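Dumped data.cif below, it's mmCIF, C-alpha atoms:
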```cif
data_protein
#
loop_
_atom_site.group_PDB
_atom_site.id
_atom_site.type_symbol
_atom_site.label_atom_id
_atom_site.label_comp_id
_atom_site.auth_asym_id
_atom_site.auth_seq_id
_atom_site.Cartn_x
_atom_site.Cartn_y
_atom_site.Cartn_z
ATOM 1 C CA MET A 1 40.185 32.673 -20.248
ATOM 2 C CA PHE A 2 36.827 33.068 -21.895
ATOM 3 C CA GLU A 3 35.870 29.786 -23.599
ATOM 4 C CA GLY A 4 39.122 29.648 -25.535
ATOM 5 C CA VAL A 5 39.849 33.368 -25.754
ATOM 6 C CA PRO A 6 42.410 34.524 -23.162
ATOM 7 C CA LEU A 7 42.112 37.923 -21.513
ATOM 8 C CA THR A 8 45.462 39.038 -22.950
ATOM 9 C CA TRP A 9 44.078 38.926 -26.502
ATOM 10 C CA PHE A 10 41.408 41.479 -25.639
ATOM 11 C CA LEU A 11 43.948 43.647 -23.844
ATOM 12 C CA ILE A 12 46.367 43.550 -26.790
ATOM 13 C CA THR A 13 43.607 44.544 -29.217
ATOM 14 C CA GLY A 14 42.666 47.421 -26.912
ATOM 15 C CA THR A 15 46.291 48.507 -26.604
ATOM 16 C CA ILE A 16 46.868 48.597 -30.350
ATOM 17 C CA MET A 17 43.658 50.568 -30.887
ATOM 18 C CA PHE A 18 44.615 53.023 -28.124
ATOM 19 C CA PHE A 19 48.051 53.748 -29.525
ATOM 20 C CA VAL A 20 46.771 54.025 -33.090
ATOM 21 C CA GLY A 21 44.432 56.685 -31.677
ATOM 22 C CA ILE A 22 47.393 58.427 -29.997
ATOM 23 C CA TYR A 23 49.300 58.381 -33.306
ATOM 24 C CA GLY A 24 46.361 59.932 -35.134
ATOM 25 C CA PHE A 25 45.954 62.519 -32.411
ATOM 26 C CA LEU A 26 49.579 63.597 -32.802
ATOM 27 C CA VAL A 27 49.829 63.482 -36.596
ATOM 28 C CA ARG A 28 46.515 64.803 -37.899
ATOM 29 C CA LYS A 29 45.881 68.483 -38.444
ATOM 30 C CA ASN A 30 42.194 68.614 -39.302
ATOM 31 C CA LEU A 31 40.056 69.071 -36.182
ATOM 32 C CA ILE A 32 37.488 66.446 -37.194
ATOM 33 C CA THR A 33 40.138 63.759 -37.696
ATOM 34 C CA ILE A 34 41.532 64.604 -34.253
ATOM 35 C CA LEU A 35 38.025 64.088 -32.860
ATOM 36 C CA MET A 36 37.858 60.684 -34.585
ATOM 37 C CA SER A 37 41.182 59.692 -32.975
ATOM 38 C CA THR A 38 39.708 60.614 -29.597
ATOM 39 C CA GLU A 39 36.752 58.336 -30.269
ATOM 40 C CA LEU A 40 39.190 55.487 -31.011
ATOM 41 C CA ILE A 41 40.958 56.057 -27.686
ATOM 42 C CA LEU A 42 37.673 56.059 -25.719
ATOM 43 C CA ASN A 43 36.535 52.879 -27.466
ATOM 44 C CA SER A 44 39.719 50.979 -26.657
ATOM 45 C CA VAL A 45 39.245 51.815 -22.977
ATOM 46 C CA ASN A 46 35.701 50.428 -23.194
ATOM 47 C CA ILE A 47 36.967 47.126 -24.596
ATOM 48 C CA ASN A 48 39.388 46.792 -21.692
ATOM 49 C CA PHE A 49 36.724 47.537 -19.078
ATOM 50 C CA VAL A 50 34.300 45.015 -20.550
ATOM 51 C CA ALA A 51 36.902 42.259 -20.939
ATOM 52 C CA PHE A 52 38.128 42.689 -17.361
ATOM 53 C CA ASN A 53 34.565 42.614 -16.106
ATOM 54 C CA LYS A 54 33.575 39.444 -17.955
ATOM 55 C CA ILE A 55 36.715 37.419 -17.417
ATOM 56 C CA LEU A 56 37.938 38.394 -13.945
ATOM 57 C CA TYR A 57 34.617 39.247 -12.225
ATOM 58 C CA PRO A 58 31.852 37.488 -14.160
ATOM 59 C CA ASP A 59 29.187 37.960 -11.477
ATOM 60 C CA HIS A 60 29.613 41.744 -11.239
ATOM 61 C CA LEU A 61 28.594 44.450 -13.707
ATOM 62 C CA GLU A 62 30.898 47.329 -12.779
ATOM 63 C CA GLY A 63 32.900 47.347 -16.004
ATOM 64 C CA MET A 64 29.726 47.491 -18.050
ATOM 65 C CA PHE A 65 28.423 50.500 -16.117
ATOM 66 C CA PHE A 66 31.728 52.293 -16.530
ATOM 67 C CA SER A 67 31.505 51.628 -20.270
ATOM 68 C CA ILE A 68 27.978 53.008 -20.400
ATOM 69 C CA PHE A 69 29.068 56.201 -18.656
ATOM 70 C CA ILE A 70 32.109 56.525 -20.928
ATOM 71 C CA ILE A 71 29.838 56.213 -23.975
ATOM 72 C CA ALA A 72 27.543 58.926 -22.590
ATOM 73 C CA VAL A 73 30.470 61.256 -21.907
ATOM 74 C CA ALA A 74 31.827 60.561 -25.399
ATOM 75 C CA ALA A 75 28.471 61.523 -26.910
ATOM 76 C CA ALA A 76 28.418 64.802 -24.957
ATOM 77 C CA GLU A 77 32.025 65.474 -25.914
ATOM 78 C CA ALA A 78 31.432 64.822 -29.611
ATOM 79 C CA SER A 79 28.404 67.109 -29.752
ATOM 80 C CA MET A 80 30.248 69.959 -28.004
ATOM 81 C CA ALA A 81 33.362 69.493 -30.135
ATOM 82 C CA ILE A 82 31.367 69.587 -33.331
ATOM 83 C CA ALA A 83 29.522 72.741 -32.232
ATOM 84 C CA ILE A 84 32.886 74.401 -31.541
ATOM 85 C CA ILE A 85 34.301 73.177 -34.876
ATOM 86 C CA ILE A 86 31.345 74.602 -36.803
ATOM 87 C CA ASN A 87 31.694 77.904 -34.976
ATOM 88 C CA ILE A 88 35.415 78.062 -35.793
ATOM 89 C CA TYR A 89 34.710 77.219 -39.430
ATOM 90 C CA ARG A 90 32.210 80.063 -39.605
ATOM 91 C CA ARG A 91 34.779 82.582 -38.357
ATOM 92 C CA LEU A 92 37.996 81.388 -40.008
ATOM 93 C CA VAL A 93 36.748 79.292 -42.976
ATOM 94 C CA ASN A 94 39.056 76.388 -42.226
ATOM 95 C CA ILE A 95 39.524 73.900 -39.395
ATOM 96 C CA ASP A 96 43.261 73.353 -39.515
ATOM 97 C CA VAL A 97 44.765 73.396 -36.020
ATOM 98 C CA GLU A 98 47.939 75.140 -37.168
ATOM 99 C CA LYS A 99 46.086 78.037 -38.743
ATOM 100 C CA MET A 100 44.070 78.788 -35.622
ATOM 101 C CA ASN A 101 46.389 81.274 -33.969
ATOM 102 C CA GLU A 102 44.090 84.266 -33.602
ATOM 103 C CA MET A 103 41.901 85.042 -30.649
ATOM 104 C CA LYS A 104 38.874 87.243 -30.671
ATOM 105 C CA TYR A 105 40.534 90.241 -29.060
ATOM 106 C CA MET B 106 40.114 26.852 -33.422
ATOM 107 C CA THR B 107 36.839 27.237 -31.621
ATOM 108 C CA PRO B 108 34.053 29.441 -33.031
ATOM 109 C CA ASN B 109 34.698 31.987 -30.291
ATOM 110 C CA GLN B 110 38.334 32.283 -31.247
ATOM 111 C CA LEU B 111 37.386 32.635 -34.908
ATOM 112 C CA MET B 112 34.894 35.421 -34.201
ATOM 113 C CA PHE B 113 37.378 37.131 -31.915
ATOM 114 C CA ALA B 114 40.044 36.955 -34.629
ATOM 115 C CA ILE B 115 37.683 38.475 -37.206
ATOM 116 C CA PHE B 116 36.570 41.341 -34.937
ATOM 117 C CA SER B 117 40.094 42.005 -33.758
ATOM 118 C CA ALA B 118 41.479 42.080 -37.297
ATOM 119 C CA VAL B 119 38.715 44.450 -38.423
ATOM 120 C CA ILE B 120 39.352 46.729 -35.436
ATOM 121 C CA ILE B 121 43.115 46.896 -35.937
ATOM 122 C CA ILE B 122 43.123 47.263 -39.748
ATOM 123 C CA PHE B 123 40.368 49.838 -39.923
ATOM 124 C CA SER B 124 41.609 51.882 -36.978
ATOM 125 C CA ILE B 125 44.981 52.186 -38.731
ATOM 126 C CA LEU B 126 43.166 53.190 -41.930
ATOM 127 C CA THR B 127 41.124 55.740 -39.947
ATOM 128 C CA VAL B 128 44.196 57.652 -38.877
ATOM 129 C CA THR B 129 46.094 57.318 -42.170
ATOM 130 C CA SER B 130 43.426 57.791 -44.842
ATOM 131 C CA ARG B 131 43.751 61.117 -46.625
ATOM 132 C CA ARG B 132 40.131 61.391 -47.647
ATOM 133 C CA ILE B 133 38.241 62.523 -44.594
ATOM 134 C CA LEU B 134 34.871 60.981 -45.487
ATOM 135 C CA ARG B 135 36.544 57.598 -45.963
ATOM 136 C CA ALA B 136 38.223 57.998 -42.587
ATOM 137 C CA ALA B 137 34.779 58.486 -41.022
ATOM 138 C CA THR B 138 33.487 55.339 -42.763
ATOM 139 C CA PHE B 139 36.443 53.318 -41.478
ATOM 140 C CA LEU B 140 35.696 54.650 -37.993
ATOM 141 C CA LEU B 141 32.152 53.307 -38.418
ATOM 142 C CA PHE B 142 33.563 49.834 -39.210
ATOM 143 C CA VAL B 143 35.754 49.979 -36.097
ATOM 144 C CA LEU B 144 32.792 50.901 -33.905
ATOM 145 C CA VAL B 145 30.582 48.154 -35.357
ATOM 146 C CA ALA B 146 33.336 45.570 -34.798
ATOM 147 C CA THR B 147 33.643 46.764 -31.204
ATOM 148 C CA GLY B 148 29.904 46.218 -30.835
ATOM 149 C CA GLY B 149 30.422 42.706 -32.192
ATOM 150 C CA MET B 150 33.048 42.130 -29.530
ATOM 151 C CA TYR B 151 30.521 43.111 -26.857
ATOM 152 C CA PHE B 152 28.068 40.605 -28.353
ATOM 153 C CA LEU B 153 30.831 37.976 -28.192
ATOM 154 C CA LEU B 154 31.257 38.698 -24.489
ATOM 155 C CA ARG B 155 27.452 38.471 -24.021
ATOM 156 C CA PHE B 156 26.925 42.106 -23.055
ATOM 157 C CA ASN B 157 23.873 42.469 -25.239
ATOM 158 C CA PHE B 158 22.616 45.717 -23.732
ATOM 159 C CA LEU B 159 26.016 47.381 -24.036
ATOM 160 C CA ALA B 160 26.330 46.183 -27.637
ATOM 161 C CA ALA B 161 22.940 47.686 -28.448
ATOM 162 C CA ILE B 162 24.020 50.992 -26.891
ATOM 163 C CA GLN B 163 27.262 50.874 -28.859
ATOM 164 C CA LEU B 164 25.449 50.299 -32.151
ATOM 165 C CA THR B 165 22.744 52.927 -31.647
ATOM 166 C CA LEU B 166 24.686 55.662 -29.875
ATOM 167 C CA TYR B 167 28.179 55.340 -31.316
ATOM 168 C CA ALA B 168 27.636 53.872 -34.762
ATOM 169 C CA GLY B 169 24.276 55.511 -35.224
ATOM 170 C CA GLY B 170 24.698 58.827 -33.446
ATOM 171 C CA ILE B 171 28.267 59.993 -33.228
ATOM 172 C CA VAL B 172 29.371 58.811 -36.673
ATOM 173 C CA VAL B 173 26.381 60.487 -38.296
ATOM 174 C CA LEU B 174 27.196 63.682 -36.389
ATOM 175 C CA ILE B 175 30.814 63.503 -37.570
ATOM 176 C CA ILE B 176 29.753 62.886 -41.177
ATOM 177 C CA PHE B 177 27.377 65.863 -41.045
ATOM 178 C CA SER B 178 30.114 68.120 -39.768
ATOM 179 C CA ILE B 179 32.495 66.846 -42.464
ATOM 180 C CA LEU B 180 29.913 67.694 -45.113
ATOM 181 C CA LEU B 181 29.469 71.152 -43.581
ATOM 182 C CA THR B 182 33.136 72.015 -43.337
ATOM 183 C CA SER B 183 35.037 70.399 -46.218
ATOM 184 C CA HIS B 184 34.677 69.507 -49.872
ATOM 185 C CA ILE B 185 34.039 65.868 -50.731
ATOM 186 C CA GLY B 186 36.764 65.292 -53.293
ATOM 187 C CA GLU B 187 39.370 67.222 -51.342
ATOM 188 C CA LYS B 188 42.391 65.312 -50.060
ATOM 189 C CA LEU B 189 44.059 66.194 -46.801
ATOM 190 C CA GLU B 190 47.665 67.241 -47.219
ATOM 191 C CA LYS B 191 50.292 64.698 -46.283
ATOM 192 C CA PRO B 192 51.714 65.220 -42.791
ATOM 193 C CA GLU B 193 55.417 66.050 -42.849
ATOM 194 C CA LEU B 194 57.976 63.407 -42.006
ATOM 195 C CA LYS B 195 59.331 65.320 -39.022
ATOM 196 C CA LYS B 196 55.878 65.028 -37.468
ATOM 197 C CA ILE B 197 55.256 61.401 -38.427
ATOM 198 C CA ILE B 198 58.506 59.999 -37.007
ATOM 199 C CA PRO B 199 58.190 61.255 -33.397
ATOM 200 C CA ALA B 200 54.479 60.385 -33.313
ATOM 201 C CA PHE B 201 55.144 56.889 -34.665
ATOM 202 C CA LEU B 202 57.995 56.341 -32.215
ATOM 203 C CA ALA B 203 55.839 57.474 -29.294
ATOM 204 C CA ALA B 204 52.893 55.280 -30.305
ATOM 205 C CA ALA B 205 54.985 52.204 -31.156
ATOM 206 C CA GLY B 206 57.103 52.521 -28.034
ATOM 207 C CA GLY B 207 54.078 52.880 -25.811
ATOM 208 C CA ALA B 208 52.346 49.934 -27.483
ATOM 209 C CA LEU B 209 55.431 47.719 -27.143
ATOM 210 C CA ILE B 210 55.911 48.544 -23.454
ATOM 211 C CA THR B 211 52.219 47.962 -22.681
ATOM 212 C CA ILE B 212 52.019 44.679 -24.609
ATOM 213 C CA ALA B 213 55.217 43.409 -22.956
ATOM 214 C CA THR B 214 53.764 44.219 -19.543
ATOM 215 C CA ILE B 215 50.465 42.508 -20.371
ATOM 216 C CA LEU B 216 52.233 39.372 -21.591
ATOM 217 C CA GLN B 217 54.365 39.158 -18.444
ATOM 218 C CA TYR B 218 51.465 39.413 -16.035
ATOM 219 C CA ASN B 219 49.852 36.129 -15.014
ATOM 220 C CA PHE B 220 46.108 36.517 -15.330
ATOM 221 C CA PRO B 221 43.974 33.705 -13.870
ATOM 222 C CA VAL B 222 43.217 31.079 -16.491
ATOM 223 C CA GLU B 223 40.021 29.517 -15.160
ATOM 224 C CA VAL B 224 37.374 29.214 -17.838
ATOM 225 C CA VAL B 225 34.385 31.533 -17.540
ATOM 226 C CA SER B 226 31.125 30.152 -18.785
ATOM 227 C CA MET B 227 29.516 32.506 -21.229
ATOM 228 C CA SER B 228 26.023 31.171 -21.572
ATOM 229 C CA GLU B 229 24.812 33.627 -18.948
ATOM 230 C CA ARG B 230 23.531 36.833 -20.493
ATOM 231 C CA THR B 231 23.344 40.101 -18.624
ATOM 232 C CA ASN B 232 19.870 40.486 -17.261
ATOM 233 C CA ILE B 233 18.263 43.800 -18.224
ATOM 234 C CA ARG B 234 16.316 43.821 -14.947
ATOM 235 C CA VAL B 235 19.572 43.757 -12.957
ATOM 236 C CA ILE B 236 21.010 46.615 -15.016
ATOM 237 C CA ALA B 237 17.938 48.770 -14.504
ATOM 238 C CA LYS B 238 17.844 48.098 -10.766
ATOM 239 C CA SER B 239 21.534 48.915 -10.323
ATOM 240 C CA LEU B 240 21.202 52.153 -12.261
ATOM 241 C CA ILE B 241 18.623 53.564 -9.849
ATOM 242 C CA SER B 242 19.675 51.973 -6.567
ATOM 243 C CA THR B 243 21.532 53.950 -3.925
ATOM 244 C CA GLU B 244 22.958 50.953 -2.107
ATOM 245 C CA LYS B 245 26.293 49.219 -2.664
ATOM 246 C CA PHE B 246 26.963 48.619 -6.391
ATOM 247 C CA GLY B 247 24.184 51.106 -7.162
ATOM 248 C CA TYR B 248 24.734 53.882 -9.684
ATOM 249 C CA ALA B 249 21.998 56.410 -8.917
ATOM 250 C CA LEU B 250 24.347 59.384 -8.441
ATOM 251 C CA PRO B 251 26.461 58.913 -11.607
ATOM 252 C CA PHE B 252 23.270 58.285 -13.543
ATOM 253 C CA GLU B 253 21.790 61.624 -12.465
ATOM 254 C CA VAL B 254 25.089 63.446 -13.012
ATOM 255 C CA ILE B 255 25.382 62.061 -16.514
ATOM 256 C CA SER B 256 21.836 63.192 -17.311
ATOM 257 C CA ILE B 257 22.701 66.746 -16.205
ATOM 258 C CA LEU B 258 25.917 66.581 -18.245
ATOM 259 C CA LEU B 259 23.998 65.556 -21.354
ATOM 260 C CA LEU B 260 21.477 68.358 -20.819
ATOM 261 C CA ALA B 261 24.263 70.903 -20.363
ATOM 262 C CA ALA B 262 26.048 69.616 -23.479
ATOM 263 C CA MET B 263 22.827 69.898 -25.477
ATOM 264 C CA VAL B 264 22.178 73.499 -24.383
ATOM 265 C CA GLY B 265 25.827 74.421 -24.894
ATOM 266 C CA ALA B 266 25.959 72.918 -28.378
ATOM 267 C CA ILE B 267 22.825 74.791 -29.447
ATOM 268 C CA ILE B 268 24.147 78.097 -28.117
ATOM 269 C CA LEU B 269 27.615 77.632 -29.617
ATOM 270 C CA ALA B 270 26.482 76.608 -33.070
ATOM 271 C CA LYS B 271 23.681 79.163 -33.297
ATOM 272 C CA LYS B 272 24.091 81.890 -35.873
ATOM 273 C CA ARG B 273 24.983 85.234 -34.335
ATOM 274 C CA LYS B 274 22.956 88.299 -35.255
ATOM 275 C CA ASP B 275 25.828 90.708 -35.972
#
```
Mind turning the file's structure into structure tokens?
Amino acid sequence: MFEGVPLTWFLITGTIMFFVGIYGFLVRKNLITILMSTELILNSVNINFVAFNKILYPDHLEGMFFSIFIIAVAAAEASMAIAIIINIYRRLVNIDVEKMNEMKY
Amino acid sequence: MTPNQLMFAIFSAVIIIFSILTVTSRRILRAATFLLFVLVATGGMYFLLRFNFLAAIQLTLYAGGIVVLIIFSILLTSHIGEKLEKPELKKIIPAFLAAAGGALITIATILQYNFPVEVVSMSERTNIRVIAKSLISTEKFGYALPFEVISILLLAAMVGAIILAKKRKD
């Protein structure tokens, strides 16, 4: 309980966000929208870490540090993914996952 | 309803509605804008929990950095007015069943578990001095090694992104 807000509310919000991200990951075909779904999934995990940290262990900071590292990894991942997407677009002139069935050789 | 509950309800509603719109919108630039709203509301949730430093990181790095990167790549790779084609029904139904089933199972499990209900005081903010000391300490609860590893990862990602996206000569 956090001054009127129970822990389960945070966890339910995180769960819904996570599975909406999973749905987008499975349904979308454009590579950039798949990347956005991944960002949703990473964010929902961050909410869970932070809520657990504040409500169950208020005098520790572990959940916050995990969130910081997740955000840093997400930034690295997004920059790499976008570099790869731009490279694919330059070769094949579209970024649809189902049309990417050729390799270089 | 206390002010905390009200703010939580607002942030939670924004997160849920706009994350659903992010994965269903057929205009890709709008989807990116909805993603920005979701990330800002998440930052608001960190402010609600009094993690001010984390909220600042969320707003600058996620909402400021990653969303701008995504919008740039959208502008580079697709036309503005273009609509994404509708996904077929035989793809939507299994994906929806998987997501809804997983969400239902997880929420049922969360509701069954008895979390402790003692009230946490929230007036205490995270001290920036404590964060900085933990990030460079090598003792217990110190994060010197992950901090250095993440800096190397970011450097490697930067070099890799430049090399991948560079124009080839041939």
Item checked: All residues 10 Å or closer to stretch 258-270 of chain B, all atoms listed in the file, same chain fewer than 2 positions away omitted, as a PyMOL selection string -> (chain A and resi 72-73+75-88+90) or (chain B and resi 252-256+272-273)
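Across the structure, atom CA of B:Ser130 and atom CA of B:Glu193 are spaced 14.7 Å apart.
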Next item on the list: Determine the residue membership of the PyMOL selection byres ((chain B and resi 114-120) around 10) for the file above and supply it as a PyMOL selection string.
Entry: (chain A and resi 5+9-10+12-14+16-17+40+44) or (chain B and resi 108-113+121-126+139-140+142-150+153)
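Across the model, the gap from atom CA of B:Leu194 to atom CA of A:Tyr23 is 13.3 Å.
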Notebook entry, point to check: So how many Å separate atom CA of A:Phe52 and atom CA of A:Val20, to one decimal?
Noted result: 21.2 Å
Would you translate the PyMOL selection byres ((chain A and resi 92-103) around 8) into the concrete set of residues it matches in this file, as a PDB file with C-alpha atoms, keeping the file's coordinate frame?
```pdb
ATOM      1  CA  LYS A  29      45.881  68.483 -38.444  1.00  0.00           C
ATOM      2  CA  ASN A  30      42.194  68.614 -39.302  1.00  0.00           C
ATOM      3  CA  LEU A  31      40.056  69.071 -36.182  1.00  0.00           C
ATOM      4  CA  ILE A  85      34.301  73.177 -34.876  1.00  0.00           C
ATOM      5  CA  ILE A  88      35.415  78.062 -35.793  1.00  0.00           C
ATOM      6  CA  TYR A  89      34.710  77.219 -39.430  1.00  0.00           C
ATOM      7  CA  ARG A  90      32.210  80.063 -39.605  1.00  0.00           C
ATOM      8  CA  ARG A  91      34.779  82.582 -38.357  1.00  0.00           C
ATOM      9  CA  LYS A 104      38.874  87.243 -30.671  1.00  0.00           C
ATOM     10  CA  TYR A 105      40.534  90.241 -29.060  1.00  0.00           C
TER      11      TYR A 105
ATOM     12  CA  THR B 182      33.136  72.015 -43.337  1.00  0.00           C
TER      13      THR B 182
END
```
Notebook entry, point to check: What residues come out when you apply the PyMOL selection byres ((chain B and resi 192) around 10) to this file, written as number ranges by chain?
Noted result: A: 27-29; B: 129, 131, 189-191, 193-197
Give me a file of those residues, with C-alpha atoms, as a PDB file, in the frame of the given file.
```pdb
ATOM      1  CA  VAL A  27      49.829  63.482 -36.596  1.00  0.00           C
ATOM      2  CA  ARG A  28      46.515  64.803 -37.899  1.00  0.00           C
ATOM      3  CA  LYS A  29      45.881  68.483 -38.444  1.00  0.00           C
TER       4      LYS A  29
ATOM      5  CA  THR B 129      46.094  57.318 -42.170  1.00  0.00           C
ATOM      6  CA  ARG B 131      43.751  61.117 -46.625  1.00  0.00           C
ATOM      7  CA  LEU B 189      44.059  66.194 -46.801  1.00  0.00           C
ATOM      8  CA  GLU B 190      47.665  67.241 -47.219  1.00  0.00           C
ATOM      9  CA  LYS B 191      50.292  64.698 -46.283  1.00  0.00           C
ATOM     10  CA  GLU B 193      55.417  66.050 -42.849  1.00  0.00           C
ATOM     11  CA  LEU B 194      57.976  63.407 -42.006  1.00  0.00           C
ATOM     12  CA  LYS B 195      59.331  65.320 -39.022  1.00  0.00           C
ATOM     13  CA  LYS B 196      55.878  65.028 -37.468  1.00  0.00           C
ATOM     14  CA  ILE B 197      55.256  61.401 -38.427  1.00  0.00           C
TER      15      ILE B 197
END
```
Next item on the list: Find, counting all atoms listed in the file, the residue in A:Thr38, A:Asn46, A:Thr33, A:Thr15 that gets nearest to A:Phe69.
Entry: A:Asn46
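Using all atoms listed in the file, the contacts of A:Gly21 at a cut-off of 6 Å, with sequence neighbours closer than 2 positions omitted, comprise Phe18, Phe19, Tyr23, Gly24, Ser37, Leu40 and Ile41 of chain A.
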Need the shell around B:Phe246: protein/DNA/RNA residues with any atom at most 9 Å away, counting only C-alpha atoms. Skip same-chain ones fewer than 6 positions apart. Format as a short mmCIF file (atom, residue, chain, number, x, y, z; two decimals) with C-alpha atoms, in the frame of the given file?
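Below is the file selection27.cif, written as the result:
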```cif
data_model
loop_
_atom_site.label_atom_id
_atom_site.label_comp_id
_atom_site.auth_asym_id
_atom_site.auth_seq_id
_atom_site.Cartn_x
_atom_site.Cartn_y
_atom_site.Cartn_z
CA HIS A 60 29.61 41.74 -11.24
CA LEU A 61 28.59 44.45 -13.71
CA GLU A 62 30.90 47.33 -12.78
CA SER B 239 21.53 48.92 -10.32
CA LEU B 240 21.20 52.15 -12.26
#
```
Check: If you count all atoms listed in the file, which residues fall within 10 Å of B:Lys238, apart from same-chain ones fewer than 6 positions away, as a list in words?
Finding: Gly247, Tyr248 and Ala249 of chain B
Checklist line | Best match for closeness to chain A among B:Ile176, B:Ala208, B:Ala161, B:Ile198, counting all atoms listed in the file | finding: B:Ala208
Show me, as AutoDock Vina command-line options, the centre and edge lengths in Å to one decimal of the axis-aligned box that covers every listed atom of stretch 91-94 of chain A with 5 Å on each side.
```
--center_x 36.9 --center_y 79.5 --center_z -40.7 --size_x 14.3 --size_y 16.2 --size_z 14.6
```
Generate the coordinates of N, CA and C atoms for stretch 131-145 of chain B; report them as an mmCIF file, in the coordinates of the input.
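Final output, saved to out.cif:
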```cif
data_model
loop_
_atom_site.group_PDB
_atom_site.id
_atom_site.type_symbol
_atom_site.label_atom_id
_atom_site.label_comp_id
_atom_site.auth_asym_id
_atom_site.auth_seq_id
_atom_site.Cartn_x
_atom_site.Cartn_y
_atom_site.Cartn_z
ATOM 1 N N ARG B 131 43.652 59.691 -46.350
ATOM 2 C CA ARG B 131 43.751 61.117 -46.625
ATOM 3 C C ARG B 131 42.443 61.710 -47.102
ATOM 4 N N ARG B 132 41.455 60.860 -47.337
ATOM 5 C CA ARG B 132 40.131 61.391 -47.647
ATOM 6 C C ARG B 132 39.303 61.312 -46.378
ATOM 7 N N ILE B 133 38.787 62.454 -45.958
ATOM 8 C CA ILE B 133 38.241 62.523 -44.594
ATOM 9 C C ILE B 133 36.924 61.756 -44.477
ATOM 10 N N LEU B 134 36.134 61.714 -45.563
ATOM 11 C CA LEU B 134 34.871 60.981 -45.487
ATOM 12 C C LEU B 134 35.125 59.478 -45.384
ATOM 13 N N ARG B 135 36.185 59.009 -46.088
ATOM 14 C CA ARG B 135 36.544 57.598 -45.963
ATOM 15 C C ARG B 135 37.012 57.287 -44.554
ATOM 16 N N ALA B 136 37.764 58.216 -43.954
ATOM 17 C CA ALA B 136 38.223 57.998 -42.587
ATOM 18 C C ALA B 136 37.025 57.819 -41.656
ATOM 19 N N ALA B 137 35.972 58.616 -41.868
ATOM 20 C CA ALA B 137 34.779 58.486 -41.022
ATOM 21 C C ALA B 137 34.113 57.135 -41.237
ATOM 22 N N THR B 138 34.091 56.647 -42.501
ATOM 23 C CA THR B 138 33.487 55.339 -42.763
ATOM 24 C C THR B 138 34.282 54.219 -42.103
ATOM 25 N N PHE B 139 35.620 54.333 -42.144
ATOM 26 C CA PHE B 139 36.443 53.318 -41.478
ATOM 27 C C PHE B 139 36.209 53.342 -39.964
ATOM 28 N N LEU B 140 36.010 54.546 -39.423
ATOM 29 C CA LEU B 140 35.696 54.650 -37.993
ATOM 30 C C LEU B 140 34.400 53.921 -37.685
ATOM 31 N N LEU B 141 33.425 54.026 -38.609
ATOM 32 C CA LEU B 141 32.152 53.307 -38.418
ATOM 33 C C LEU B 141 32.395 51.804 -38.356
ATOM 34 N N PHE B 142 33.268 51.279 -39.245
ATOM 35 C CA PHE B 142 33.563 49.834 -39.210
ATOM 36 C C PHE B 142 34.181 49.445 -37.872
ATOM 37 N N VAL B 143 35.116 50.281 -37.389
ATOM 38 C CA VAL B 143 35.754 49.979 -36.097
ATOM 39 C C VAL B 143 34.712 49.907 -34.995
ATOM 40 N N LEU B 144 33.780 50.867 -34.993
ATOM 41 C CA LEU B 144 32.792 50.901 -33.905
ATOM 42 C C LEU B 144 31.846 49.715 -33.994
ATOM 43 N N VAL B 145 31.476 49.313 -35.217
ATOM 44 C CA VAL B 145 30.582 48.154 -35.357
ATOM 45 C C VAL B 145 31.299 46.880 -34.906
#
```
